[in-house]
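S.K.: Compact mmCIF, C-alpha atoms, file target_26.txt:
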```
# COMPACT_ATOMS: atom_id res chain seq x y z
CA MET A 1 13.55 -8.15 -2.26
CA PRO A 2 12.98 -8.84 1.44
CA SER A 3 16.00 -10.03 3.40
CA VAL A 4 15.56 -12.62 6.15
CA LYS A 5 18.23 -13.95 8.52
CA LEU A 6 18.00 -16.47 11.34
CA LEU A 7 19.21 -14.54 14.39
CA SER A 8 18.95 -17.31 17.00
CA TYR A 9 16.98 -20.43 17.91
CA THR A 10 16.44 -22.91 20.72
CA PRO A 11 19.58 -25.06 21.02
CA ASN A 12 18.98 -28.59 19.73
CA PRO A 13 15.39 -27.76 18.75
CA GLU A 14 14.49 -31.27 17.60
CA LYS A 15 15.83 -32.89 20.77
CA THR A 16 14.02 -30.28 22.86
CA VAL A 17 10.71 -31.10 21.18
CA ALA A 18 11.44 -34.83 21.46
CA ALA A 19 12.21 -34.47 25.18
CA ALA A 20 8.88 -32.74 25.73
CA ALA A 21 7.14 -35.54 23.84
CA ARG A 22 8.98 -38.17 25.88
CA LEU A 23 7.60 -36.62 29.07
CA CYS A 24 4.09 -36.98 27.68
CA TYR A 25 4.40 -40.64 26.73
CA SER A 26 6.69 -42.19 29.34
CA ASN A 27 7.44 -42.09 33.06
CA SER A 28 10.82 -40.42 32.51
CA GLY A 29 11.67 -37.76 35.06
CA ALA A 30 12.90 -34.30 34.16
CA ASP A 31 16.53 -35.28 34.79
CA LYS A 32 16.37 -38.14 32.29
CA LEU A 33 14.49 -36.59 29.36
CA PHE A 34 17.67 -36.23 27.29
CA ASP A 35 19.19 -39.58 28.28
CA GLY A 36 20.03 -41.55 25.16
CA MET A 37 18.37 -38.90 23.02
CA THR A 38 20.22 -39.46 19.76
CA ASP A 39 19.44 -37.63 16.55
CA GLU A 40 17.69 -40.76 15.30
CA LYS A 41 15.48 -41.02 18.38
CA ALA A 42 14.65 -37.32 18.21
CA SER A 43 13.64 -37.77 14.57
CA SER A 44 11.45 -40.73 15.55
CA TYR A 45 9.67 -38.69 18.22
CA VAL A 46 9.08 -35.83 15.78
CA ALA A 47 7.63 -38.23 13.23
CA MET A 48 5.38 -39.76 15.90
CA LEU A 49 4.06 -36.34 16.90
CA GLU A 50 3.18 -35.55 13.30
CA LYS A 51 1.42 -38.89 12.86
CA LEU A 52 -0.60 -38.35 16.05
CA GLY A 53 -1.33 -34.70 15.31
CA HIS A 54 0.09 -33.86 18.74
CA GLU A 55 1.41 -30.32 18.23
CA SER A 56 1.86 -28.85 21.73
CA PRO A 57 5.44 -30.18 22.17
CA LEU A 58 6.40 -28.11 19.11
CA GLU A 59 5.85 -24.98 21.16
CA HIS A 60 8.96 -25.64 23.26
CA ALA A 61 11.34 -24.67 20.44
CA SER A 62 11.42 -21.20 18.94
CA PHE A 63 13.23 -19.36 16.15
CA THR A 64 14.13 -15.67 15.98
CA PHE A 65 14.54 -13.88 12.64
CA THR A 66 15.57 -10.46 11.41
CA ILE A 67 13.47 -9.19 8.51
CA GLU A 68 14.54 -6.15 6.48
CA GLY A 69 13.56 -4.53 3.21
CA VAL A 70 9.84 -4.93 3.77
CA SER A 71 7.00 -2.43 3.70
CA ARG A 72 4.68 -1.18 6.40
CA ALA A 73 1.95 -2.93 4.39
CA PHE A 74 3.84 -6.15 5.07
CA LEU A 75 3.93 -5.29 8.79
CA ALA A 76 0.13 -5.14 8.88
CA GLN A 77 -0.04 -8.68 7.50
CA MET A 78 2.77 -10.10 9.61
CA THR A 79 1.36 -8.97 12.94
CA ARG A 80 -1.89 -10.80 12.26
CA HIS A 81 0.08 -13.85 13.38
CA ARG A 82 -0.49 -13.19 17.06
CA ILE A 83 1.38 -16.08 18.71
CA ALA A 84 4.70 -14.41 18.05
CA SER A 85 6.92 -11.64 19.41
CA TYR A 86 7.76 -8.54 17.38
CA SER A 87 10.26 -5.70 17.71
CA VAL A 88 9.80 -3.15 14.93
CA GLN A 89 11.79 -0.07 13.95
CA SER A 90 9.84 2.87 15.38
CA GLN A 91 8.67 5.74 13.20
CA ARG A 92 8.18 7.76 16.40
CA TYR A 93 11.85 7.66 17.36
CA VAL A 94 13.65 7.13 14.04
CA ARG A 95 13.61 10.08 11.65
CA ARG A 96 13.28 8.75 8.10
CA GLY A 97 14.43 11.65 5.97
CA SER A 98 14.32 10.60 2.32
CA PHE A 99 12.98 7.17 3.22
CA ASP A 100 13.53 3.97 1.28
CA PHE A 101 10.40 2.37 -0.11
CA ILE A 102 9.30 -0.96 -1.51
CA VAL A 103 8.18 -1.20 -5.14
CA PRO A 104 5.75 -4.01 -6.05
CA PRO A 105 6.92 -6.06 -9.05
CA ASN A 106 3.80 -5.21 -11.08
CA ILE A 107 4.65 -1.53 -10.70
CA SER A 108 8.40 -1.82 -11.29
CA SER A 109 7.75 -3.68 -14.55
CA ASP A 110 5.51 -0.94 -15.93
CA GLU A 111 7.29 2.27 -16.91
CA GLU A 112 4.21 4.49 -16.67
CA ALA A 113 3.07 3.07 -13.33
CA LEU A 114 6.61 3.30 -11.91
CA ALA A 115 6.94 6.96 -12.89
CA GLU A 116 3.68 7.80 -11.10
CA TYR A 117 4.69 5.71 -8.11
CA ASN A 118 8.07 7.42 -7.72
CA LYS A 119 6.41 10.81 -8.02
CA ILE A 120 4.08 10.01 -5.13
CA MET A 121 6.96 8.69 -3.00
CA ASP A 122 8.97 11.87 -3.62
CA SER A 123 5.96 13.97 -2.67
CA CYS A 124 5.45 12.03 0.57
CA ALA A 125 9.12 12.41 1.49
CA GLU A 126 9.02 16.15 0.79
CA SER A 127 5.86 16.63 2.86
CA TYR A 128 7.33 14.57 5.71
CA GLN A 129 10.40 16.78 5.82
CA LYS A 130 8.43 20.03 5.63
CA ILE A 131 5.96 19.03 8.33
CA THR A 132 8.80 17.84 10.57
CA GLU A 133 10.64 21.16 10.19
CA ILE A 134 7.53 23.22 10.87
CA LEU A 135 6.53 21.27 13.96
CA GLN A 136 10.07 20.99 15.29
CA LYS A 137 10.66 24.72 15.02
CA LYS A 138 7.37 25.51 16.76
CA GLU A 139 7.91 23.02 19.58
CA ALA A 140 11.54 24.05 20.10
CA ALA A 141 10.50 27.68 20.51
CA ARG A 142 7.98 26.67 23.16
CA LEU A 143 10.53 24.64 25.08
CA VAL A 144 13.08 27.45 24.97
CA SER A 145 10.48 29.82 26.40
CA GLU A 146 10.06 27.36 29.27
CA GLY A 147 13.77 27.49 30.10
CA LYS A 148 15.41 24.72 28.09
CA SER A 149 18.62 25.41 26.19
CA GLU A 150 18.30 25.69 22.43
CA GLU A 151 20.19 22.39 21.96
CA GLU A 152 17.99 20.51 24.42
CA ALA A 153 14.84 22.06 23.02
CA TRP A 154 15.70 21.24 19.41
CA LYS A 155 16.49 17.64 20.23
CA ALA A 156 13.32 17.10 22.28
CA ALA A 157 11.20 18.86 19.66
CA GLU A 158 12.35 16.51 16.92
CA LYS A 159 10.74 13.50 18.61
CA THR A 160 7.40 15.30 18.90
CA ALA A 161 7.62 16.49 15.31
CA ILE A 162 8.34 13.15 13.67
CA GLU A 163 5.68 11.49 15.80
CA ASP A 164 3.05 13.49 13.91
CA ALA A 165 4.85 13.91 10.58
CA ARG A 166 4.95 10.12 10.16
CA PHE A 167 1.23 10.17 9.35
CA VAL A 168 2.09 11.13 5.76
CA LEU A 169 4.46 8.19 5.28
CA PRO A 170 2.97 5.61 2.88
CA ASN A 171 2.45 1.87 3.26
CA ALA A 172 5.38 1.50 0.86
CA CYS A 173 7.80 2.96 3.43
CA ASP A 174 10.38 0.33 4.34
CA THR A 175 10.77 -1.09 7.82
CA LYS A 176 12.73 -3.76 9.65
CA MET A 177 11.91 -6.04 12.54
CA VAL A 178 12.88 -8.95 14.75
CA VAL A 179 10.33 -11.79 14.91
CA THR A 180 10.22 -14.82 17.20
CA MET A 181 7.85 -17.75 16.70
CA ASN A 182 7.65 -21.23 18.15
CA VAL A 183 7.62 -24.22 15.81
CA ARG A 184 3.88 -24.78 16.05
CA SER A 185 3.19 -21.15 15.09
CA LEU A 186 5.72 -21.38 12.28
CA HIS A 187 3.89 -24.37 10.81
CA ASN A 188 0.68 -22.36 10.79
CA PHE A 189 2.47 -19.35 9.33
CA PHE A 190 4.00 -21.42 6.52
CA ARG A 191 0.66 -23.10 5.75
CA LEU A 192 -0.92 -19.71 5.14
CA ARG A 193 1.93 -17.60 3.79
CA CYS A 194 3.87 -20.05 1.60
CA CYS A 195 0.67 -20.56 -0.38
CA ASN A 196 0.52 -19.28 -3.95
CA ARG A 197 -2.47 -17.20 -2.90
CA ALA A 198 -0.47 -15.27 -0.29
CA GLN A 199 0.57 -11.73 -1.14
CA TRP A 200 3.95 -11.71 -2.93
CA GLU A 201 5.92 -9.87 -0.22
CA ILE A 202 4.96 -12.01 2.76
CA ARG A 203 5.24 -15.16 0.63
CA SER A 204 8.85 -14.25 -0.14
CA VAL A 205 9.56 -13.78 3.56
CA ALA A 206 7.83 -17.05 4.47
CA ASP A 207 9.79 -19.00 1.85
CA GLN A 208 13.08 -17.64 3.20
CA MET A 209 12.09 -18.39 6.80
CA LEU A 210 11.12 -21.94 5.89
CA ALA A 211 14.45 -22.55 4.13
CA LEU A 212 16.36 -21.28 7.17
CA CYS A 213 14.34 -23.45 9.54
CA ARG A 214 14.93 -26.53 7.44
CA GLU A 215 18.69 -25.98 7.53
CA VAL A 216 18.66 -26.11 11.34
CA ALA A 217 15.84 -28.58 12.02
CA PRO A 218 15.03 -30.57 8.85
CA ASN A 219 12.86 -33.12 10.64
CA LEU A 220 10.70 -30.51 12.37
CA PHE A 221 10.03 -28.75 9.08
CA ALA A 222 10.21 -31.61 6.56
CA ASN A 223 6.50 -31.32 5.78
CA ALA A 224 6.05 -27.63 6.53
CA GLY A 225 4.59 -25.39 3.87
CA PRO A 226 1.20 -24.65 2.31
CA GLY A 227 -1.54 -27.26 2.51
CA CYS A 228 -0.48 -28.78 -0.81
CA VAL A 229 2.86 -29.60 0.86
CA SER A 230 2.05 -30.11 4.55
CA GLU A 231 -1.16 -32.08 3.99
CA GLY A 232 -0.71 -33.27 0.43
CA ARG A 233 -3.81 -31.40 -0.66
CA CYS A 234 -4.90 -27.82 -1.12
CA THR A 235 -6.65 -26.39 1.93
CA GLU A 236 -7.95 -23.29 0.15
CA GLY A 237 -11.22 -24.89 -0.95
CA LYS A 238 -12.85 -23.20 -3.93
CA MET A 239 -10.13 -20.52 -3.80
CA THR A 240 -7.46 -23.02 -4.84
CA CYS A 241 -4.95 -21.91 -7.46
CA GLY A 242 -4.61 -25.48 -8.74
CA LYS A 243 -0.80 -25.23 -8.80
CA PRO A 244 0.91 -27.19 -5.99
CA ARG A 245 4.20 -25.71 -4.82
CA THR A 246 6.27 -28.79 -5.56
CA GLU A 247 9.53 -26.85 -5.17
CA LEU A 248 8.89 -26.69 -1.42
CA ILE A 249 8.62 -30.46 -1.00
CA MET A 250 11.78 -31.86 0.58
CA LYS A 251 13.41 -34.70 -1.33
```
Show the structure stored in the file as structure tokens.
M.R.:
Amino acid sequence: MPSVKLLSYTPNPEKTVAAAARLCYSNSGADKLFDGMTDEKASSYVAMLEKLGHESPLEHASFTFTIEGVSRAFLAQMTRHRIASYSVQSQRYVRRGSFDFIVPPNISSDEEALAEYNKIMDSCAESYQKITEILQKKEAARLVSEGKSEEEAWKAAEKTAIEDARFVLPNACDTKMVVTMNVRSLHNFFRLRCCNRAQWEIRSVADQMLALCREVAPNLFANAGPGCVSEGRCTEGKMTCGKPRTELIMK
């Protein structure tokens, strides 16, 4: 199960968005944007922006998450959301050893499939270790011949070795990351990834992110979610699943 935590966020995100909106629709100067900005007024501005479809002020508030217990296959999907910042655990610098891996529910629930899956994971881990040892030993010997101490050579050789040995690591290999998105990008992310049609792993992450955002800024994310939530209708066209995610609708 993926684990998501809210690491940090723009202080007073709803008031920040409301202040940006105020600048757009009044003659208030920069030094007065927060004057009299109560929670109620901030909520009113946020509601107005949604009604008008004016989304650019949402970009002035951002949220930063830690995501762990996800696969490299998940990483390929996540980074398709380009208006975001990512810091990902490196396979070039972090030696994995007997790595942890993610097991899809359909595989974990089938004894025969799970046995085959675990066998493949064990084989990948064994090959990773063997290739690392072979390459590290070869590179260390070369560095020693060039004058480095054995300790220095062995340490430097490890980085070179795991850089190439990582090619045998599977998509199932676990990873962790820090992700930052602004509110506008998060709305787009939730529309696509909270949908029933989204792949199970990224949908789980998106659901957790949405819940965390709503705790901090309920007005900004009151109507966030897949099209059946955010727009009251499915936006998947003929690909619709026909099952609205009513559990994501805020009461």
S.K.: Expressed in Å to a single decimal, how great is the separation between CA of Phe99 in chain A and CA of Leu169 in chain A?
M.R.: 8.8 Å
S.K.: Return the single residue from A:Glu146, A:Glu59, A:Asp35, A:Asp174 that is closest to Thr10 in chain A, with distances computed using only C-alpha atoms.
M.R.: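 Residue with the minimum atom-to-atom distance to Thr10 in chain A: A:Glu59.
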S.K.: Would you pick out the contacts of Val17 in chain A at 9 Å or less, using all atoms listed in the file, so that residues sharing its chain but fewer than 4 positions from it are not included, and give the list as a list in words?
M.R.: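 Answer for this query is Asn12, Pro13, Ala21, Arg22, Ala42, Tyr45, Val46, Pro57, Leu58, Glu59, His60, Ala61 and Leu220 of chain A.
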S.K.: From the list A:Glu151, A:Glu158, A:Asp39, A:Glu236, which residue is nearest Arg191 in chain A when using only C-alpha atoms?
M.R.: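 That would be A:Glu236, the residue with the smallest distance to Arg191 in chain A.
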S.K.: Which value, in Å to one decimal, gives the distance between CA of Asp164 in chain A and CA of Gln89 in chain A?
M.R.: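 For CA of Asp164 in chain A relative to CA of Gln89 in chain A, the distance reads 16.1 Å.
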S.K.: With distances taken over only C-alpha atoms, which of A:Lys130, A:Ala19, A:Leu114, A:Arg233 is nearest to Asp31 in chain A?
M.R.: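 Smallest distance to Asp31 in chain A is found for A:Ala19.
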S.K.: Which of these, A:Tyr93, A:Ala211, A:Ile120, A:His54, has the shortest distance to Lys155 in chain A once you count all atoms listed in the file?
M.R.: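 For Lys155 in chain A, the nearest of the given residues is A:Tyr93.
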S.K.: Have a look at A:Met239, A:Cys195, A:Val179, A:Ala222 and name the one nearest to Phe63 in chain A; count only C-alpha atoms.
M.R.: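 Closest candidate: A:Val179.
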S.K.: Could you work out how far CA of Ser123 in chain A lies from CA of Ala141 in chain A, giving the answer in Å with one decimal?
M.R.: 27.3 Å
S.K.: Out of A:Val205, A:Ile249, A:Leu192, A:Ala153, which residue has the shortest atom-to-atom distance to Thr235 in chain A when counting only C-alpha atoms?
M.R.: A:Leu192
S.K.: What lies within 9 Å of Val144 in chain A using only C-alpha atoms, ignoring chain neighbours under 5 positions off, as a tab-separated table (two decimals) with C-alpha atoms, keeping the file's coordinate frame?
M.R.:
```
chain	number	residue	atom	x	y	z
A	139	GLU	CA	7.91	23.02	19.58
A	149	SER	CA	18.62	25.41	26.19
A	150	GLU	CA	18.30	25.69	22.43
A	152	GLU	CA	17.99	20.51	24.42
A	153	ALA	CA	14.84	22.06	23.02
A	154	TRP	CA	15.70	21.24	19.41
```
S.K.: Find the residues near Thr175 in chain A: any atom within 7 Å, counting all atoms listed in the file, skip ones fewer than 4 places away on the same chain, and give them as a ChimeraX atom specification.
M.R.: /A:68-72,89
S.K.: List as an MDAnalysis selection string the protein and nucleic acid residues near Ala161 in chain A, meaning an atom at most 6 Å away when all atoms listed in the file are counted, but skip any in the same chain fewer than 4 places from it.
M.R.: chainID A and resid 132 135:136
S.K.: Could you please take those selected residues and save C-alpha atoms as a short mmCIF file (atom, residue, chain, number, x, y, z; two decimals), keeping the file's coordinate frame?
M.R.:
```
data_model
loop_
_atom_site.label_atom_id
_atom_site.label_comp_id
_atom_site.auth_asym_id
_atom_site.auth_seq_id
_atom_site.Cartn_x
_atom_site.Cartn_y
_atom_site.Cartn_z
CA THR A 132 8.80 17.84 10.57
CA LEU A 135 6.53 21.27 13.96
CA GLN A 136 10.07 20.99 15.29
#
```
S.K.: Could you pull range 164-218 of chain A out of the structure I just pasted and write it to a file containing C-alpha atoms, as an mmCIF file, in the first residue's frame?
M.R.:
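File produced: result_22.cif:
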```
data_model
loop_
_atom_site.group_PDB
_atom_site.id
_atom_site.type_symbol
_atom_site.label_atom_id
_atom_site.label_comp_id
_atom_site.auth_asym_id
_atom_site.auth_seq_id
_atom_site.Cartn_x
_atom_site.Cartn_y
_atom_site.Cartn_z
ATOM 1 C CA ASP A 164 24.945 -0.245 -14.739
ATOM 2 C CA ALA A 165 23.649 -3.103 -12.572
ATOM 3 C CA ARG A 166 20.394 -1.193 -12.021
ATOM 4 C CA PHE A 167 19.359 -2.039 -15.585
ATOM 5 C CA VAL A 168 18.196 -5.456 -14.365
ATOM 6 C CA LEU A 169 15.944 -3.996 -11.657
ATOM 7 C CA PRO A 170 12.254 -4.476 -12.544
ATOM 8 C CA ASN A 171 9.401 -1.973 -12.718
ATOM 9 C CA ALA A 172 8.192 -3.557 -9.474
ATOM 10 C CA CYS A 173 11.239 -2.249 -7.576
ATOM 11 C CA ASP A 174 10.083 0.156 -4.877
ATOM 12 C CA THR A 175 11.020 3.816 -4.806
ATOM 13 C CA LYS A 176 10.263 6.960 -2.835
ATOM 14 C CA MET A 177 9.977 10.599 -3.783
ATOM 15 C CA VAL A 178 9.084 14.138 -2.811
ATOM 16 C CA VAL A 179 6.499 15.835 -5.045
ATOM 17 C CA THR A 180 5.376 19.466 -5.140
ATOM 18 C CA MET A 181 2.361 20.694 -7.108
ATOM 19 C CA ASN A 182 0.389 23.907 -7.127
ATOM 20 C CA VAL A 183 -3.358 23.790 -6.538
ATOM 21 C CA ARG A 184 -4.275 24.148 -10.193
ATOM 22 C CA SER A 185 -2.042 21.202 -11.133
ATOM 23 C CA LEU A 186 -3.440 19.180 -8.242
ATOM 24 C CA HIS A 187 -6.976 19.684 -9.535
ATOM 25 C CA ASN A 188 -5.899 18.343 -12.914
ATOM 26 C CA PHE A 189 -4.052 15.462 -11.267
ATOM 27 C CA PHE A 190 -7.082 14.496 -9.179
ATOM 28 C CA ARG A 191 -9.409 14.718 -12.186
ATOM 29 C CA LEU A 192 -7.307 12.153 -14.026
ATOM 30 C CA ARG A 193 -5.945 9.950 -11.258
ATOM 31 C CA CYS A 194 -8.853 9.719 -8.802
ATOM 32 C CA CYS A 195 -10.926 8.286 -11.637
ATOM 33 C CA ASN A 196 -11.994 4.642 -11.450
ATOM 34 C CA ARG A 197 -10.210 4.125 -14.760
ATOM 35 C CA ALA A 198 -6.828 5.177 -13.327
ATOM 36 C CA GLN A 199 -4.322 2.437 -12.562
ATOM 37 C CA TRP A 200 -4.792 1.142 -9.000
ATOM 38 C CA GLU A 201 -1.437 2.322 -7.608
ATOM 39 C CA ILE A 202 -1.576 5.943 -8.720
ATOM 40 C CA ARG A 203 -5.285 6.106 -7.833
ATOM 41 C CA SER A 204 -4.417 5.105 -4.268
ATOM 42 C CA VAL A 205 -1.782 7.836 -4.104
ATOM 43 C CA ALA A 206 -4.156 10.430 -5.592
ATOM 44 C CA ASP A 207 -6.908 9.556 -3.106
ATOM 45 C CA GLN A 208 -4.513 9.992 -0.187
ATOM 46 C CA MET A 209 -3.183 13.288 -1.556
ATOM 47 C CA LEU A 210 -6.713 14.612 -2.019
ATOM 48 C CA ALA A 211 -7.674 13.700 1.556
ATOM 49 C CA LEU A 212 -4.587 15.481 2.910
ATOM 50 C CA CYS A 213 -5.279 18.589 0.830
ATOM 51 C CA ARG A 214 -8.868 18.746 2.014
ATOM 52 C CA GLU A 215 -7.759 18.661 5.651
ATOM 53 C CA VAL A 216 -5.669 21.803 5.135
ATOM 54 C CA ALA A 217 -7.704 23.688 2.518
ATOM 55 C CA PRO A 218 -11.256 22.277 2.352
#
```
